[in-house]
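Reading through the structure tokens given below for one structure.
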Amino acid sequence: MKISPHPDWATRFRKPGTELRLINGYYYLYSVSTSWDKVTKTSKKITGKLLGKITEKDGFVESDKMKLMRKHSIENYNLAVREFGASDFIFSNNKDILEKLKNFFPDNWLEIACMAFFRLSYQSPIKNLQHYYEHSYLSVLNQKTSITDKKISAMLRYIGKNRNLSVEFMKSFSHIGDYVLIDMTNVITKSKHIDLAAVGYNSKREYDPQVNLMLIYSSTLNEPVYYRIVPGNIREVKSFELSLRESGINDAILISDKGFVSEKNIVDLDKSALRYILPLRRNSSLIDYNPLAVESKRNMHGYFKFEDRYIWYYQKQQDKKNIIIYLDDKLKSEEETDYLNRISSHPENYAIDEFKEKYVTMGTITVITNITNMNAEDIFAAYKTRYKIEQMIDVMKNIVESDKTYMQDADALEGWFFVNYVALLFYFRIYKLLVNKKMLSKCSVKDLITILTEIKRVKIDDTWHLAEINSKNQKLYDKLSIYIT
């Protein structure tokens, strides 16, 4: 018989499923279990929670944590914990969006809003929506609403079949006289049953079936104002025209990437009513770099200051269009240094003769535009706003994670994009808050959402209580004027 090295007054409290430990002269009792290791083909011990302390005088003394768990056990007191902070913040600070959803989708507005919230907060696929809903205080506030896979699928198809409702919802946000940007991006689809999907080339050199997503962004509102799905193998001017016609927007400016620019597209744009600012590749035959060859800049037409950098420009008219070359000397110096460093480190790939050929083009951005009522400085500022629509596309693909879709028919796909569009609206409302409070460098939208989801409501004895908020997060909420009650 094996004799225990521990005294009887300690071992008598050890029961099956527990383990006695001597730590720094004191005895502690832990829960313990075993697990089968598939690799070693043996059982391994797993030490669990601290149950309490054992002393010769007082015997077993239950830990404070175990007391609390036992006191408020689910079996005895129906203890429940729900996410509260993020959902409360989104629903409280986007009442105009929710009211418009109620107006156009009276039977589904809550499911749309909840799904958009879960897409933004957790990038949740449809199969996990019910899980997140049940673990959110939203399910307590809306006990008659359920978010099952079947219900969501039917809702998405309803939205898709009634595209006119989505369009009217988007039109209801006033942007009269707004400055709006338009562009298109690809979204891969894994379904073989969507007519809009077609094999198309994208920037990642992927040839999977895809659809194109047309997006319009308001630089005045700083949020998206329109979306439309376009066949994946079409990237034509006609698509932009039809999108503007459906959106009711008359003053959009197409600011594309260099990949869209071609002689055919420029011709088609000139035939259309679209205004555009298109970047030209540095080797474009439309660009005349001779005026830049003079170091004194005597041939340049002027300069302006943009974000603490001086930009020189030269412009000429050609076929009723303006071609404007912008020169940023600081950028030119950076590119010159970079190229010379490459010659030193990789002489097999870079040569001084090539440097001399490229030197005149360094530090330049050249655009072609049919806009005649804006000067060179305004055109440059407008072109630089392109990063905003690029940011919107990045959020759609990487934050909301809508770069791929598994929807099985066109109606469901349309509904899916509408929900993600609402999630985009939620995102940019938070983004504007962080910008206005000058907090964007310290806290991203994703950071704030994650921190807010940590705020819980706890149900004890059939009463819901707001759980504790740590002081660090509270300071952040105070700076952002976020009040969770």
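The way I read the labels, and the way they are meant: chains A, B, ... in the order of the structure tokens, residue 1 as the first residue of every chain, and ligand 1 as the first ligand shown, with later ones counted on from there.
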
A:Ile325 surroundings by only C-alpha atoms, 8 Å radius, close-in-sequence under 5 positions cut, as a ChimeraX atom specification: /A:287,313-315,364-367

Those selected residues, please, written with all heavy atoms and delivered as a PDB file, in the first residue's frame.
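Output contents, as saved in result_2.pdb:
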```pdb
ATOM      1  N   ILE A 287       2.022  61.513 -72.975  1.00  0.00           N
ATOM      2  CA  ILE A 287       2.751  62.420 -72.084  1.00  0.00           C
ATOM      3  C   ILE A 287       3.976  62.999 -72.782  1.00  0.00           C
ATOM      4  O   ILE A 287       4.783  62.267 -73.359  1.00  0.00           O
ATOM      5  CB  ILE A 287       3.188  61.691 -70.799  1.00  0.00           C
ATOM      6  CG1 ILE A 287       1.990  61.025 -70.105  1.00  0.00           C
ATOM      7  CG2 ILE A 287       3.853  62.675 -69.831  1.00  0.00           C
ATOM      8  CD1 ILE A 287       2.368  60.187 -68.903  1.00  0.00           C
ATOM      9  N   TYR A 313       3.346  71.881 -61.720  1.00  0.00           N
ATOM     10  CA  TYR A 313       2.523  71.245 -62.756  1.00  0.00           C
ATOM     11  C   TYR A 313       2.730  71.910 -64.117  1.00  0.00           C
ATOM     12  O   TYR A 313       3.099  73.077 -64.222  1.00  0.00           O
ATOM     13  CB  TYR A 313       1.035  71.289 -62.378  1.00  0.00           C
ATOM     14  CG  TYR A 313       0.444  72.682 -62.319  1.00  0.00           C
ATOM     15  CD1 TYR A 313      -0.139  73.264 -63.441  1.00  0.00           C
ATOM     16  CD2 TYR A 313       0.449  73.420 -61.136  1.00  0.00           C
ATOM     17  CE1 TYR A 313      -0.693  74.541 -63.403  1.00  0.00           C
ATOM     18  CE2 TYR A 313      -0.097  74.693 -61.077  1.00  0.00           C
ATOM     19  CZ  TYR A 313      -0.660  75.248 -62.216  1.00  0.00           C
ATOM     20  OH  TYR A 313      -1.193  76.507 -62.174  1.00  0.00           O
ATOM     21  N   TYR A 314       2.470  71.082 -65.124  1.00  0.00           N
ATOM     22  CA  TYR A 314       2.487  71.534 -66.521  1.00  0.00           C
ATOM     23  C   TYR A 314       1.266  70.919 -67.173  1.00  0.00           C
ATOM     24  O   TYR A 314       0.991  69.723 -67.007  1.00  0.00           O
ATOM     25  CB  TYR A 314       3.755  71.056 -67.236  1.00  0.00           C
ATOM     26  CG  TYR A 314       3.757  71.330 -68.723  1.00  0.00           C
ATOM     27  CD1 TYR A 314       4.208  72.541 -69.236  1.00  0.00           C
ATOM     28  CD2 TYR A 314       3.281  70.369 -69.629  1.00  0.00           C
ATOM     29  CE1 TYR A 314       4.200  72.801 -70.606  1.00  0.00           C
ATOM     30  CE2 TYR A 314       3.261  70.622 -70.997  1.00  0.00           C
ATOM     31  CZ  TYR A 314       3.726  71.836 -71.476  1.00  0.00           C
ATOM     32  OH  TYR A 314       3.706  72.101 -72.831  1.00  0.00           O
ATOM     33  N   GLN A 315       0.482  71.714 -67.887  1.00  0.00           N
ATOM     34  CA  GLN A 315      -0.724  71.173 -68.497  1.00  0.00           C
ATOM     35  C   GLN A 315      -0.846  71.617 -69.952  1.00  0.00           C
ATOM     36  O   GLN A 315      -0.357  72.682 -70.348  1.00  0.00           O
ATOM     37  CB  GLN A 315      -1.969  71.594 -67.720  1.00  0.00           C
ATOM     38  CG  GLN A 315      -2.210  73.094 -67.658  1.00  0.00           C
ATOM     39  CD  GLN A 315      -3.418  73.432 -66.785  1.00  0.00           C
ATOM     40  OE1 GLN A 315      -4.089  72.566 -66.262  1.00  0.00           O
ATOM     41  NE2 GLN A 315      -3.686  74.719 -66.627  1.00  0.00           N
ATOM     42  N   THR A 364       6.756  62.069 -60.828  1.00  0.00           N
ATOM     43  CA  THR A 364       5.627  62.628 -61.582  1.00  0.00           C
ATOM     44  C   THR A 364       4.370  61.774 -61.455  1.00  0.00           C
ATOM     45  O   THR A 364       4.429  60.560 -61.294  1.00  0.00           O
ATOM     46  CB  THR A 364       5.960  62.775 -63.077  1.00  0.00           C
ATOM     47  OG1 THR A 364       6.181  61.470 -63.639  1.00  0.00           O
ATOM     48  CG2 THR A 364       7.194  63.642 -63.269  1.00  0.00           C
ATOM     49  N   ILE A 365       3.241  62.459 -61.512  1.00  0.00           N
ATOM     50  CA  ILE A 365       1.925  61.839 -61.673  1.00  0.00           C
ATOM     51  C   ILE A 365       1.260  62.594 -62.809  1.00  0.00           C
ATOM     52  O   ILE A 365       1.189  63.833 -62.782  1.00  0.00           O
ATOM     53  CB  ILE A 365       1.070  61.978 -60.404  1.00  0.00           C
ATOM     54  CG1 ILE A 365       1.706  61.226 -59.232  1.00  0.00           C
ATOM     55  CG2 ILE A 365      -0.355  61.475 -60.654  1.00  0.00           C
ATOM     56  CD1 ILE A 365       0.997  61.459 -57.911  1.00  0.00           C
ATOM     57  N   THR A 366       0.783  61.862 -63.797  1.00  0.00           N
ATOM     58  CA  THR A 366       0.129  62.505 -64.938  1.00  0.00           C
ATOM     59  C   THR A 366      -1.302  62.008 -65.054  1.00  0.00           C
ATOM     60  O   THR A 366      -1.553  60.805 -64.974  1.00  0.00           O
ATOM     61  CB  THR A 366       0.879  62.223 -66.243  1.00  0.00           C
ATOM     62  OG1 THR A 366       2.239  62.638 -66.102  1.00  0.00           O
ATOM     63  CG2 THR A 366       0.244  62.975 -67.408  1.00  0.00           C
ATOM     64  N   VAL A 367      -2.217  62.942 -65.220  1.00  0.00           N
ATOM     65  CA  VAL A 367      -3.618  62.565 -65.367  1.00  0.00           C
ATOM     66  C   VAL A 367      -4.175  63.162 -66.655  1.00  0.00           C
ATOM     67  O   VAL A 367      -3.684  64.180 -67.149  1.00  0.00           O
ATOM     68  CB  VAL A 367      -4.476  63.040 -64.177  1.00  0.00           C
ATOM     69  CG1 VAL A 367      -3.965  62.449 -62.869  1.00  0.00           C
ATOM     70  CG2 VAL A 367      -4.536  64.560 -64.091  1.00  0.00           C
TER      71      VAL A 367
END
```

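Remark: for A:Ser239, the closest of the candidate residues A:Met392, A:Leu476, A:Leu278, A:Ile182 is A:Ile182 (distances computed over only C-alpha atoms).
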
Selected residue of minimal separation from A:Thr485 among A:Lys472, A:Thr148, A:Phe89, A:Leu110, counting only C-alpha atoms: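 That would be A:Phe89, the residue with the smallest distance to A:Thr485.
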
Strand (DSSP E) residues, from DSSP on the backbone, in stretch 26-106 of chain A, as JSON, numbers by chain: {"A": [26, 27, 28, 29, 30, 31, 32, 33, 34, 35, 36, 37, 42, 43, 44, 45, 46, 47, 48, 49, 50, 51, 52, 53, 54, 55, 59, 60, 61, 62, 80, 81, 82, 83]}

Residues from last step as file, C-alpha atoms, as an mmCIF file, in the first residue's frame:
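Once written, again27.cif looks like this:
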```cif
data_model
loop_
_atom_site.group_PDB
_atom_site.id
_atom_site.type_symbol
_atom_site.label_atom_id
_atom_site.label_comp_id
_atom_site.auth_asym_id
_atom_site.auth_seq_id
_atom_site.Cartn_x
_atom_site.Cartn_y
_atom_site.Cartn_z
ATOM 1 C CA TYR A 26 0.338 25.568 1.945
ATOM 2 C CA TYR A 27 -2.030 22.878 0.680
ATOM 3 C CA TYR A 28 -4.381 23.600 -2.229
ATOM 4 C CA LEU A 29 -7.051 21.440 -3.840
ATOM 5 C CA TYR A 30 -7.509 21.501 -7.634
ATOM 6 C CA SER A 31 -9.945 19.770 -9.942
ATOM 7 C CA VAL A 32 -8.259 17.282 -12.254
ATOM 8 C CA SER A 33 -9.209 15.212 -15.308
ATOM 9 C CA THR A 34 -7.523 13.009 -17.905
ATOM 10 C CA SER A 35 -7.331 13.152 -21.683
ATOM 11 C CA TRP A 36 -6.193 10.551 -24.197
ATOM 12 C CA ASP A 37 -3.130 11.605 -26.229
ATOM 13 C CA THR A 42 -1.305 7.384 -23.283
ATOM 14 C CA SER A 43 -3.540 9.258 -20.886
ATOM 15 C CA LYS A 44 -2.382 12.687 -19.725
ATOM 16 C CA LYS A 45 -3.470 14.608 -16.679
ATOM 17 C CA ILE A 46 -5.191 17.990 -17.065
ATOM 18 C CA THR A 47 -5.230 20.214 -13.990
ATOM 19 C CA GLY A 48 -8.349 22.335 -13.728
ATOM 20 C CA LYS A 49 -9.593 25.131 -11.473
ATOM 21 C CA LEU A 50 -8.445 25.903 -7.940
ATOM 22 C CA LEU A 51 -11.173 24.623 -5.622
ATOM 23 C CA GLY A 52 -9.797 25.957 -2.335
ATOM 24 C CA LYS A 53 -7.133 25.968 0.370
ATOM 25 C CA ILE A 54 -6.661 23.360 3.142
ATOM 26 C CA THR A 55 -5.301 24.184 6.601
ATOM 27 C CA GLY A 59 -9.873 22.382 7.055
ATOM 28 C CA PHE A 60 -11.057 23.016 3.480
ATOM 29 C CA VAL A 61 -11.699 26.705 2.656
ATOM 30 C CA GLU A 62 -13.425 27.205 -0.679
ATOM 31 C CA ALA A 80 -26.279 34.491 -18.243
ATOM 32 C CA VAL A 81 -23.721 36.722 -19.975
ATOM 33 C CA ARG A 82 -24.372 38.606 -23.227
ATOM 34 C CA GLU A 83 -22.327 40.884 -25.473
#
```

Atom pair atom CA of A:Tyr359 / atom CA of A:Ser296: separation (Å): 15.5 Å

DSSP-assigned helix (DSSP H, G or I) members of stretch 303-451 of chain A, reported as a count of residues only: 82

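Closest approach to A:Lys271 from the set A:Asp107, A:Lys238, A:Ser92, A:Gly160 is made by A:Lys238, with distances taken over only C-alpha atoms.
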
Nearest candidate to A:Glu336 (options A:Arg281, A:Lys151, A:Arg21, A:Lys356; using only C-alpha atoms): A:Lys356

A:Ser153 environment, 10 Å, only C-alpha atoms, sequence neighbours closer than 6 positions dropped, as a PyMOL selection string: chain A and resi 126+147+407+411-412+415-416

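Using only C-alpha atoms, the nearest neighbour of A:Asp338 within the list A:Val422, A:Leu413, A:Met362, A:Leu181 is A:Met362.
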
Contact residues around A:Phe428 with only C-alpha atoms at 10 Å, ignoring same-chain residues under 3 positions, as a list of chain:residue names: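 Counting only C-alpha atoms, the residues come to A:Leu221, A:Asn222, A:Glu223, A:Pro224, A:Met392, A:Val395, A:Ala423, A:Leu424, A:Leu425, A:Tyr431, A:Lys432, A:Leu433, A:Leu434, A:Val445.
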
Selection above as a file: C-alpha atoms, as an mmCIF file, in the first residue's frame:
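Full text of selection22.cif as output:
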```cif
data_model
loop_
_atom_site.group_PDB
_atom_site.id
_atom_site.type_symbol
_atom_site.label_atom_id
_atom_site.label_comp_id
_atom_site.auth_asym_id
_atom_site.auth_seq_id
_atom_site.Cartn_x
_atom_site.Cartn_y
_atom_site.Cartn_z
ATOM 1 C CA LEU A 221 -20.334 62.425 -46.394
ATOM 2 C CA ASN A 222 -17.211 60.226 -46.188
ATOM 3 C CA GLU A 223 -19.248 57.071 -46.660
ATOM 4 C CA PRO A 224 -20.511 54.814 -49.466
ATOM 5 C CA MET A 392 -13.799 51.544 -48.908
ATOM 6 C CA VAL A 395 -12.835 47.578 -45.835
ATOM 7 C CA ALA A 423 -22.097 46.962 -42.591
ATOM 8 C CA LEU A 424 -19.942 49.407 -44.588
ATOM 9 C CA LEU A 425 -22.185 52.276 -43.490
ATOM 10 C CA TYR A 431 -14.326 55.873 -38.793
ATOM 11 C CA LYS A 432 -15.658 59.439 -38.917
ATOM 12 C CA LEU A 433 -16.027 59.461 -35.124
ATOM 13 C CA LEU A 434 -12.375 58.479 -34.695
ATOM 14 C CA VAL A 445 -12.296 50.941 -36.187
#
```

Atom-to-atom span, atom CA of A:Ile277 and atom CA of A:Ser256, Å: 7.3 Å

Selected residue of minimal separation from A:Asn341 among A:Phe104, A:Tyr122, A:Phe355, A:Tyr158, counting only C-alpha atoms: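 Ranked by minimum distance to A:Asn341, first place goes to A:Phe355.
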
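Atom pair atom CA of A:Ile255 / atom CA of A:Ile368: separated by 10.4 Å.
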
Surrounding residues of stretch 297-306 of chain A excluding itself and chain neighbours under 2 positions, 12 Å, only C-alpha atoms, as a VMD selection string: chain A and resid 289 to 295 308 to 316 324 to 329 375 to 382 384

Saved selection, atoms kept: C-alpha atoms, as a PDB file, in the first residue's frame:
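Everything below was put into result-v5.pdb:
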```
ATOM      1  CA  TYR A 289       8.089  65.211 -70.653  1.00  0.00           C
ATOM      2  CA  ASN A 290      10.144  67.826 -72.538  1.00  0.00           C
ATOM      3  CA  PRO A 291       8.938  70.744 -70.367  1.00  0.00           C
ATOM      4  CA  LEU A 292      10.348  68.935 -67.315  1.00  0.00           C
ATOM      5  CA  ALA A 293      13.832  68.583 -68.795  1.00  0.00           C
ATOM      6  CA  VAL A 294      14.642  72.185 -67.844  1.00  0.00           C
ATOM      7  CA  GLU A 295      15.873  72.171 -64.238  1.00  0.00           C
ATOM      8  CA  ASP A 308       3.084  70.357 -46.729  1.00  0.00           C
ATOM      9  CA  ARG A 309       4.661  69.469 -50.091  1.00  0.00           C
ATOM     10  CA  TYR A 310       5.063  71.769 -53.071  1.00  0.00           C
ATOM     11  CA  ILE A 311       3.700  70.362 -56.319  1.00  0.00           C
ATOM     12  CA  TRP A 312       4.680  71.813 -59.697  1.00  0.00           C
ATOM     13  CA  TYR A 313       2.523  71.245 -62.756  1.00  0.00           C
ATOM     14  CA  TYR A 314       2.487  71.534 -66.521  1.00  0.00           C
ATOM     15  CA  GLN A 315      -0.724  71.173 -68.497  1.00  0.00           C
ATOM     16  CA  LYS A 316      -1.760  71.114 -72.114  1.00  0.00           C
ATOM     17  CA  ILE A 324      -1.590  67.552 -66.547  1.00  0.00           C
ATOM     18  CA  ILE A 325       1.865  66.482 -65.368  1.00  0.00           C
ATOM     19  CA  TYR A 326       2.439  66.956 -61.634  1.00  0.00           C
ATOM     20  CA  LEU A 327       5.987  66.993 -60.237  1.00  0.00           C
ATOM     21  CA  ASP A 328       6.707  66.327 -56.567  1.00  0.00           C
ATOM     22  CA  ASP A 329      10.405  67.104 -55.956  1.00  0.00           C
ATOM     23  CA  ASN A 375      -7.932  74.190 -62.028  1.00  0.00           C
ATOM     24  CA  ALA A 376      -4.821  72.000 -61.797  1.00  0.00           C
ATOM     25  CA  GLU A 377      -4.710  72.182 -58.010  1.00  0.00           C
ATOM     26  CA  ASP A 378      -8.345  71.107 -57.637  1.00  0.00           C
ATOM     27  CA  ILE A 379      -7.856  68.279 -60.128  1.00  0.00           C
ATOM     28  CA  PHE A 380      -4.853  67.047 -58.129  1.00  0.00           C
ATOM     29  CA  ALA A 381      -6.779  67.229 -54.846  1.00  0.00           C
ATOM     30  CA  ALA A 382      -9.674  65.333 -56.427  1.00  0.00           C
ATOM     31  CA  LYS A 384      -5.750  62.242 -54.333  1.00  0.00           C
TER      32      LYS A 384
END
```

Nearby residues (only C-alpha atoms) at most 12 Å from A:Lys100, same-chain spacing under 2 positions excluded, as a PyMOL selection string: chain A and resi 94-98+102-106+108-110+112-113+165-173+422

I need the chosen residues saved as a tab-separated table (two decimals), in the first residue's frame, with C-alpha atoms.
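Final file, part.tsv:
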```
chain	number	residue	atom	x	y	z
A	94	ASN	CA	-27.06	54.76	-36.35
A	95	LYS	CA	-30.74	55.44	-35.77
A	96	ASP	CA	-31.12	57.15	-39.14
A	97	ILE	CA	-29.91	53.98	-40.89
A	98	LEU	CA	-32.22	51.81	-38.80
A	102	LYS	CA	-37.62	50.02	-41.19
A	103	ASN	CA	-39.15	52.17	-43.89
A	104	PHE	CA	-38.02	50.06	-46.86
A	105	PHE	CA	-37.82	46.62	-45.21
A	106	PRO	CA	-40.48	46.70	-42.44
A	108	ASN	CA	-36.80	42.29	-42.15
A	109	TRP	CA	-35.09	45.47	-40.95
A	110	LEU	CA	-33.97	44.02	-37.61
A	112	ILE	CA	-30.68	43.03	-41.76
A	113	ALA	CA	-29.26	45.31	-39.06
A	165	LEU	CA	-35.99	48.75	-52.40
A	166	SER	CA	-32.22	48.68	-51.92
A	167	VAL	CA	-31.81	51.44	-54.50
A	168	GLU	CA	-34.45	53.62	-52.83
A	169	PHE	CA	-32.78	53.01	-49.47
A	170	MET	CA	-29.46	54.27	-50.88
A	171	LYS	CA	-31.10	57.26	-52.57
A	172	SER	CA	-32.74	58.28	-49.28
A	173	PHE	CA	-29.37	59.52	-47.96
A	422	VAL	CA	-25.10	48.31	-44.50
```

Polymer residues at most 7 Å from stretch 225-228 of chain A, only C-alpha atoms, same-chain spacing of 2 or more positions, as a VMD selection string: chain A and resid 170 213 to 218 223 230 243 247

For C-alpha atoms, I'd like the residues from the last selection saved as an mmCIF file, in the first residue's frame.
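Output saved as again_14.cif:
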```cif
data_model
loop_
_atom_site.group_PDB
_atom_site.id
_atom_site.type_symbol
_atom_site.label_atom_id
_atom_site.label_comp_id
_atom_site.auth_asym_id
_atom_site.auth_seq_id
_atom_site.Cartn_x
_atom_site.Cartn_y
_atom_site.Cartn_z
ATOM 1 C CA MET A 170 -29.459 54.268 -50.881
ATOM 2 C CA LEU A 213 -18.875 45.274 -57.605
ATOM 3 C CA MET A 214 -19.508 48.894 -58.580
ATOM 4 C CA LEU A 215 -19.149 51.300 -55.667
ATOM 5 C CA ILE A 216 -19.828 55.023 -55.328
ATOM 6 C CA TYR A 217 -18.332 56.955 -52.417
ATOM 7 C CA SER A 218 -19.196 60.436 -51.200
ATOM 8 C CA GLU A 223 -19.248 57.071 -46.660
ATOM 9 C CA VAL A 230 -21.847 43.820 -62.660
ATOM 10 C CA SER A 243 -24.928 52.682 -62.383
ATOM 11 C CA SER A 247 -28.299 55.810 -58.419
#
```
